[in-house]
Amino acid sequence: MTQPVISVNELTVEFVTRRGTLRALDKVSFDVARGEVLGVVGESGAGKSVTGSAIIGLIDPPGRIAGGEVLLSGARVDNLPPEAMRKIRGKRIGMIFQDPLTSLNPLYRVGEQLIETIQTHTDLNAADARKRAIALLDEVGIPAPERRIDGYPHEFSGGMRQRVVIALALCAEPEFIIADEPTTALDVSVQAQIIALIKRLCKERGTSVMLVTHDMGVIAETADRVAVMYAGRVAEIGPVRDVVKQPLHPYAVGLMGAIPSIEGDAERLVQIPGSMPRLSNIPKGCAFNPRCSKAFARCFVERPELIDVGGRQVACHLYDQSKAPTGQSPTDKAEIAA
Amino acid sequence: MSDEPLPVIPPSRLARFWDSDLVYSFRSSPVTVVASVMAFLLVLAAIFAPLIAPYDPFDPASLDLSDGFSRPMQPNEITGKVFWLGSDGQGRDIFSAILYGSRVSLLVGAASVVFSLILGVGLGLVAGYVGGRTEALIMRIADIQLSFPAILVALLVFGVARGLIPPAAQEQATLLVLVIAIGLANWAQYARTVRGSTLVEKNKVYVDAARLIGLKAWPVMLKHVLPNVAGPVLVIATINLALAVIEEATLSFLGVGMPPTQPSLGTLIRFGQQYLFSGEWWILLFPSLVLILLALSINLFGDWLRDALNPKLR
Amino acid sequence: MTQDVSKAPFVQVRDLKRVFDVSKPWLNRVIESAPKQYLKAVDGVSFDIRKGETFALVGESGSGKSTVARMVVGLLPPSGGTVSIDGVSMTDAAAAQERQRLRRRIQMIFQDPYASLNPRWRVGRIIAEPIRAFDIIQGDREIEGRVGELLSLVGLHPDDGKKFPHEFSGGQRQRIAIARALASNAEFIVCDEPTSALDVSVQAQILNLMRDLQQKFGLTYLFISHNLAVVRHMASRIGVMYLGRLVEVSEGKQLFSAPRHPYTKMLLDAVPDLAMVGKAREGVKGEIPNPISPPSGCTFHPRCPLVFDRCRVENPPVIDGVACHAVNQGRAAA
């Protein structure tokens with residue numbers, strides 16, 4: 001069995017505030033295999049961006065990693081000193097953010113930033129680094145790269161800038177790329193191009209990608225597997241086709257039904273009542289229990305663990321064969337409530 | 001939905017207030033607490049000066065030249081009276097003079113702040129909301145105003161007022177002239193801040209929503225925009241209060257402020273500095289200390305308020 | 001009301017234009033000897049909206065759809081063209097009095113629920129503002145009762161009127177904004193990207209609510225969105241905009257089953273969609289040009305697969321719902 005590029009085990013991130021400790025991530029576990037695109041989807045506050053930040057060690061105080069571990073190709077990286085982590089970022093883990101303007105320094109030419117990054121992570125001399133930068137720009141689909149390399153970021157359109165950022169992330173040939181809402185700031189027609197680009201690069205280079213987004217459509221097109229997050233926990237994780245077409249977790253079912261499609265003919269969208277709980281107010285047991293139509297006694301007392309159900313993992317008591325709802329004694333809950 | 005209702009006891013109004021972020025940030029800053037207690041006490045003392053002061057420093061009948069130059073906390077060599085902070089050449093009690101003096105100082109300061117606030121906020125709101133030439137005109141005047149030192153503007157206004165008001169009425173009018181002079185020297189800062197915030201607020205869609213129901217410009221400005229630009233204004237007003245008190249003191253020190261019959265802290269300091277080298281240090285020292293404490297404590301409170309109301313610094 | 005009036009379109013937009021002056025400040029222009037620059041945000045848009053229907057304008061950023069919305073409700077004066085609602089001109093200065101009476105019947109729901117409610121006002125006061133402004137109900141207690149009704153109508157609790165906007169989530173705020181729009185018994189509501197700031201599950205709640213209210217009160221919507229899937233779900237007719245021009249107007253589902261304008265086809269190809277899982281798609285080329293210096297002729301011609309000489313010089317008129325030379329000449333049989 002091959003080793004996963006990234007392996008996240010029971011990762012827990014907490015934010016300490018004066019009103020108490022907020023748990024932004026609560027025992028999140030998943031693997032990303034070599035060459036795989038893992039989509040991480042969830043609504044705002046689900047913890048998807050925090051997951052990315054935690055993997056690259058960019059959780060700022062008052063936040064802290066309170067438990068669990070992150071393995072990069074089998075070696076633990078979550079407890080590395082900041083200096084060692086800084087070397088891994090950019091070299092072994094690349095990053096693509098939502099707003100390309102924040103990743104590019106407006107005062108430097110695009111080429112300077114690329115060459116600097118290449119030289120930081122490789123032994124190439126200036127001329128070779130420049131050649132490589134041009135090759136990279138060409139690879140991400142920037143026309144006339146030998147000319148555009150000397151342009152400033154503001155001379156590029158939004159889509160072209162995002163391509164530059166992708167080139168920047170690829171500079172050191174990282175094994176793993178975290179793309180945090182890479183297409184959210186872009187127009188639909190440009191978005192499609194960037195999705196296609198990420199997919200192609202992944203395939204050609206064998207790079208693994210963690211694609212964080214709120215847009216299920218983007219995930220559906222890009223990802224191989226998808227993790228649906230809710231209130232800092234993974235609700236369901238599995239091959240994208242299964243999760244999209246036949247979600248198992250009641251939250252995933254609601255989420256897929258809530259998304260209007262350009263095909264299909266739902267007159268009325270499925271709607272999940274209520275909204276995601278605030279981090280300060282996550283219910284006991286399963287975090288989804290107040291909004292779940294299928295919740296039963298056990299859901300209010302015991303947090304469901306991820307269990308294997310036909311090739312994917314679901315954190316829902318409904319799928320726990322050993323203790324199905326009918327077999328459960330209803331008195332358990334009454335005792336605890338009292 | 002959860003059939004496990006948690007017995008939630010709503011906290012009392014006072015408890016919620018005590019737990020609010022604003023009060024918490026106040027509580028957790030000892031400097032701010034000390035400064036605001038100090039400012040509060042000084043203001044209280046000024047307001048209740050007639051009740052607290054042991055002597056009436058402005059009643060010529062109660063003044064006795066034999067009480068002159070009493071040292072602080074020591075019985076007068078001739079009359080045996082004790083003046084806590086000493087007395088001046090005319091036998092006036094320094095402590096009482098300071099109480100009455102800070103009353104005048106704070107009155108001028110507060111009134112001029114209110115004056116510049118109304119002027120500056122009004123002009124800034126109009127400039128930001130109306131835009132175009134009106135905005136350009138108001139903001140250029142503000143720029144010109146800001147390029148002169150405030151004290152120079154105040155001196156200028158004061159000089160003009162002197163020329164316009166008949167000499168007989170001048171003494172009574174001094175307070176009003178000072179308020180206008182200091183107020184005119186400080187309005188531009190409000191106008192700039194308010195214009196900036198107004199530009200931000202007027203592009204928020206709640207303003208559009210108000211315009212959609214046919215509200216005219218003035219109601220939109222006053223009911224919708226003004227409450228949302230008030231935060232920074234409050235901060236500037238607090239810090240400007242300290243500044244206005246100092247400006248008043250400077251003017252009075254230069255001899256163009258409050259007359260000796262109604263001395264402010266600045267007037268007292270002007271008198272006091274004559275005695276600095278002849279040994280009667282207390283006549284200068286105590287009014288100056290009070291002025292410093294007053295300005296410092298108000299300023300520290302204003303600094304905290306600025307940080308507390310600025311969400312970016314949290 | 002006579003038969004004729006009910007047959008006439010409720011909202012009539014004709015040749016609507018809006019130009020923005022995007023020049024640098026005067027001093028910079030003099031020093032750099034740069035000419036004034038103008039942006040044609042909306043360039044000759046015409047459409048009708050029938051009573052009780054949802055007409056959607058869809059387009060990417062810079063297409064001018066929001067500018068159209070603001071001109072229709074009268075928040076922005078047009079540079080040219082006319083808007084009339086129920087026979088009353090929104091653009092003619094002479095109709096000012098009638099327009100003031102019409103205002104009650106037109107409301108708007110905005111994109112950003114965090115900016116559309118005055119943060120210093122309690123929710124009850126926000127919803128009551130139109131009621132008071134149009135003097136619809138008199139008496140504080142009666143108004144309070146109506147506010148409670150409106151809050152229940154949009155799925156909130158009547159007591160929520162005592163709270164401030166910051167105590168609500170984005171979806172709840174959008175419900176409050178809808179309650180405010182209904183407060184003056186509006187008949188025509190312009191919705192400018194009403195759900196694009198919301199999470200999908202909340203978006204579904206709001207879209208369902210809007211449909212329910214439309215059925216209940218016979219509302220007419222002008223629905224602005226960049227999201228084709230949302231538009232498909234909501235609209236009875238759809239107009240597609242590109243760089244300030246309307247390129248295609250079509251009955252709702254037909255736009256998706258049989259798109260005609262090449263831009264519409266490209267857009268439909270580009271949308272990431274759940275239905276697309278595992279499918280390959282055709283490549284999309286190019287980006288939206290700078291609207292300050294748009295391409296000549298048909299503004300889509302640099303990206304268009306059907307381009308020919310005429311497209312580069314002549315702006316195609318809207319004929320039979322499509323503004324495309326190739327379609328009109330029957331060259332786009334596919």
# chains A, B, ... in the order shown; residues from 1 in each chain; ligands from 1
call {"tool": "residues_around", "arguments": {"residues": "Met258 in chain B", "least_positions_apart": "6", "cutoff": "8 Å", "atoms": "only C-alpha atoms", "output": "PyMOL selection string"}}
result
chain B and resi 174-175+252+264+267
call {"tool": "write_last_selection", "arguments": {"atoms": "N, CA and C atoms", "output": "PDB file, in the first residue's frame"}}
result
ATOM      1  N   THR B 174     -15.610  87.806  27.015  1.00  0.00           N
ATOM      2  CA  THR B 174     -14.378  87.038  26.816  1.00  0.00           C
ATOM      3  C   THR B 174     -14.638  85.542  26.707  1.00  0.00           C
ATOM      4  N   LEU B 175     -15.475  85.035  27.614  1.00  0.00           N
ATOM      5  CA  LEU B 175     -15.706  83.594  27.641  1.00  0.00           C
ATOM      6  C   LEU B 175     -16.259  83.108  26.298  1.00  0.00           C
ATOM      7  N   SER B 252      -4.910  82.222  27.746  1.00  0.00           N
ATOM      8  CA  SER B 252      -4.973  82.987  28.987  1.00  0.00           C
ATOM      9  C   SER B 252      -3.577  83.310  29.487  1.00  0.00           C
ATOM     10  N   SER B 264      -8.960  81.512  34.794  1.00  0.00           N
ATOM     11  CA  SER B 264      -8.959  80.087  34.483  1.00  0.00           C
ATOM     12  C   SER B 264      -7.623  79.545  34.951  1.00  0.00           C
ATOM     13  N   THR B 267      -4.867  81.560  33.426  1.00  0.00           N
ATOM     14  CA  THR B 267      -4.655  82.858  34.068  1.00  0.00           C
ATOM     15  C   THR B 267      -3.863  82.678  35.356  1.00  0.00           C
TER      16      THR B 267
END
call {"tool": "residues_around", "arguments": {"residues": "range 39-54 of chain A", "least_positions_apart": "5", "cutoff": "6 Å", "atoms": "only C-alpha atoms", "output": "list in words"}}
result
Ala24, Ile59, Met210, Leu211, Val212, Thr213, His214, Ile219, Ala223, Val226, Ala227, Val228, Met229, Tyr230, Ala231 and Gly232 of chain A; Asp199 of chain C
call {"tool": "residues_around", "arguments": {"residues": "range 23-31 of chain B", "least_positions_apart": "4", "cutoff": "10 Å", "atoms": "only C-alpha atoms", "output": "PyMOL selection string"}}
result
(chain A and resi 18) or (chain B and resi 16-19+35-37+297+300-301+304-305+307-308+314)
call {"tool": "write_last_selection", "arguments": {"atoms": "C-alpha atoms", "output": "PDB file, in the first residue's frame"}}
result
ATOM      1  CA  ARG A  18     -11.890  35.222  27.329  1.00  0.00           C
TER       2      ARG A  18
ATOM      3  CA  ARG B  16     -24.440  41.863  30.456  1.00  0.00           C
ATOM      4  CA  PHE B  17     -23.108  45.397  30.550  1.00  0.00           C
ATOM      5  CA  TRP B  18     -20.262  44.349  32.848  1.00  0.00           C
ATOM      6  CA  ASP B  19     -19.430  41.463  30.515  1.00  0.00           C
ATOM      7  CA  ALA B  35      -7.110  58.098  34.310  1.00  0.00           C
ATOM      8  CA  SER B  36     -10.862  58.126  34.101  1.00  0.00           C
ATOM      9  CA  VAL B  37     -11.268  58.126  37.891  1.00  0.00           C
ATOM     10  CA  SER B 297      -6.257  61.928  32.232  1.00  0.00           C
ATOM     11  CA  LEU B 300      -5.517  58.704  28.259  1.00  0.00           C
ATOM     12  CA  PHE B 301      -9.233  58.050  28.417  1.00  0.00           C
ATOM     13  CA  TRP B 304      -8.424  53.964  25.231  1.00  0.00           C
ATOM     14  CA  LEU B 305     -11.727  54.950  23.669  1.00  0.00           C
ATOM     15  CA  ASP B 307      -8.592  51.682  20.578  1.00  0.00           C
ATOM     16  CA  ALA B 308     -11.750  50.199  22.043  1.00  0.00           C
ATOM     17  CA  ARG B 314      -8.867  44.214  18.767  1.00  0.00           C
TER      18      ARG B 314
END
call {"tool": "closest_atom_pairs", "arguments": {"of": "chain C", "to": "chain B", "cutoff": "6 Å", "atoms": "only C-alpha atoms", "output": "CSV"}}
result
residue,atom,partner,partner_atom,distance
C:Ala115,CA,B:Lys204,CA,5.5
C:Ser116,CA,B:Tyr206,CA,4.1
C:Leu117,CA,B:Tyr206,CA,5.1
C:Asn118,CA,B:Tyr206,CA,5.6
call {"tool": "residues_around", "arguments": {"residues": "Gly89 in chain B", "least_positions_apart": "6", "cutoff": "9 Å", "atoms": "only C-alpha atoms", "output": "PyMOL selection string"}}
result
chain B and resi 65-70
call {"tool": "closest_atom_pairs", "arguments": {"of": "chain A", "to": "chain C", "cutoff": "8 Å", "atoms": "only C-alpha atoms", "output": "Markdown table"}}
result
| residue | atom | partner | partner_atom | distance |
| --- | --- | --- | --- | --- |
| A:Glu43 | CA | C:Asp199 | CA | 5.6 |
| A:Ser44 | CA | C:Asp199 | CA | 6.8 |
| A:Gly159 | CA | C:Glu287 | CA | 7.6 |
| A:Asp187 | CA | C:Glu60 | CA | 5.9 |
| A:Val188 | CA | C:Val271 | CA | 6.1 |
| A:Ser189 | CA | C:Ala270 | CA | 5.3 |
| A:Val190 | CA | C:Glu287 | CA | 6.4 |
| A:Gln191 | CA | C:Ala270 | CA | 7.7 |
| A:Ala192 | CA | C:Ala270 | CA | 5.3 |
| A:Gln193 | CA | C:Val284 | CA | 6.4 |
| A:His214 | CA | C:Asp199 | CA | 7.7 |
| A:Met216 | CA | C:Leu274 | CA | 6.8 |
| A:Gly217 | CA | C:Asp273 | CA | 4.1 |
| A:Val218 | CA | C:Pro272 | CA | 5.3 |
| A:Ala220 | CA | C:Val277 | CA | 4.8 |
| A:Glu221 | CA | C:Val277 | CA | 5.1 |
| A:Val240 | CA | C:Val277 | CA | 7.6 |
| A:Arg241 | CA | C:Val277 | CA | 6.3 |
| A:Val244 | CA | C:Leu274 | CA | 6.9 |
| A:Gly254 | CA | C:Ser201 | CA | 7.4 |
| A:Leu255 | CA | C:Ser201 | CA | 5.9 |
| A:Ala258 | CA | C:Ala204 | CA | 5.2 |
| A:Ile259 | CA | C:Val200 | CA | 6.1 |
| A:Pro260 | CA | C:Ala229 | CA | 5.3 |
| A:Ser261 | CA | C:Ala229 | CA | 4.9 |
| A:Ile262 | CA | C:Ala229 | CA | 4.6 |
| A:Glu263 | CA | C:Ala275 | CA | 6.7 |
| A:Ala266 | CA | C:His233 | CA | 7.8 |
| A:Glu267 | CA | C:His233 | CA | 7.1 |
| A:Arg268 | CA | C:Asn208 | CA | 6.5 |
| A:Leu269 | CA | C:Ala204 | CA | 5.8 |
| A:Val270 | CA | C:Ala204 | CA | 6.9 |
| A:Gln271 | CA | C:Gln205 | CA | 5.6 |
| A:Ile272 | CA | C:Ser201 | CA | 6.2 |
| A:Pro273 | CA | C:Gln205 | CA | 7.8 |
| A:Ser275 | CA | C:Val202 | CA | 7.2 |
call {"tool": "residues_around", "arguments": {"residues": "Val190 in chain C", "least_positions_apart": "2", "cutoff": "8 Å", "atoms": "only C-alpha atoms", "output": "PyMOL selection string"}}
result
chain C and resi 69+73+106-109+188+192+221-224
call {"tool": "select_by_dssp", "arguments": {"residues": "range 54-171 of chain C", "states": "strand (DSSP E or B)", "output": "JSON, numbers by chain"}}
result
{"C": [54, 55, 56, 57, 58, 80, 81, 82, 83, 84, 85, 88, 89, 106, 107, 108, 109]}
call {"tool": "interface_residues", "arguments": {"of": "chain A", "to": "chain B", "cutoff": "8 Å", "atoms": "only C-alpha atoms", "output": "ChimeraX atom specification"}}
result
/A:289-291,300,337
call {"tool": "write_last_selection", "arguments": {"atoms": "C-alpha atoms", "output": "PDB file, in the first residue's frame"}}
result
ATOM      1  CA  ASN A 289     -28.578  16.998  15.650  1.00  0.00           C
ATOM      2  CA  PRO A 290     -30.757  20.160  16.021  1.00  0.00           C
ATOM      3  CA  ARG A 291     -31.174  20.413  12.233  1.00  0.00           C
ATOM      4  CA  PHE A 300     -27.951  13.816  21.324  1.00  0.00           C
ATOM      5  CA  ALA A 337     -31.387  14.474  30.131  1.00  0.00           C
TER       6      ALA A 337
END
call {"tool": "residues_around", "arguments": {"residues": "Leu39 in chain C", "least_positions_apart": "5", "cutoff": "9 Å", "atoms": "only C-alpha atoms", "output": "PyMOL selection string"}}
result
chain C and resi 18-22+291-293
call {"tool": "residues_around", "arguments": {"residues": "range 160-173 of chain A", "least_positions_apart": "5", "cutoff": "7 Å", "atoms": "only C-alpha atoms", "output": "number ranges by chain"}}
result
A: 90-91, 94-96, 100, 103, 114, 117-118, 121, 136-137, 140, 142, 153
call {"tool": "select_by_dssp", "arguments": {"residues": "range 215-318 of chain C", "states": "alpha helix (DSSP H)", "output": "PyMOL selection string"}}
result
chain C and resi 215-217+228-234+252-257+262-270+309-313
call {"tool": "atom_distance", "arguments": {"atom1": "CA of Leu38 in chain A", "atom2": "CA of Ile194 in chain A"}}
result
16.3 Å
call {"tool": "atom_distance", "arguments": {"atom1": "CA of Pro304 in chain A", "atom2": "CA of Ala252 in chain A"}}
result
15.0 Å
call {"tool": "atom_distance", "arguments": {"atom1": "CA of Ala41 in chain C", "atom2": "CA of Asp99 in chain A"}}
result
24.5 Å
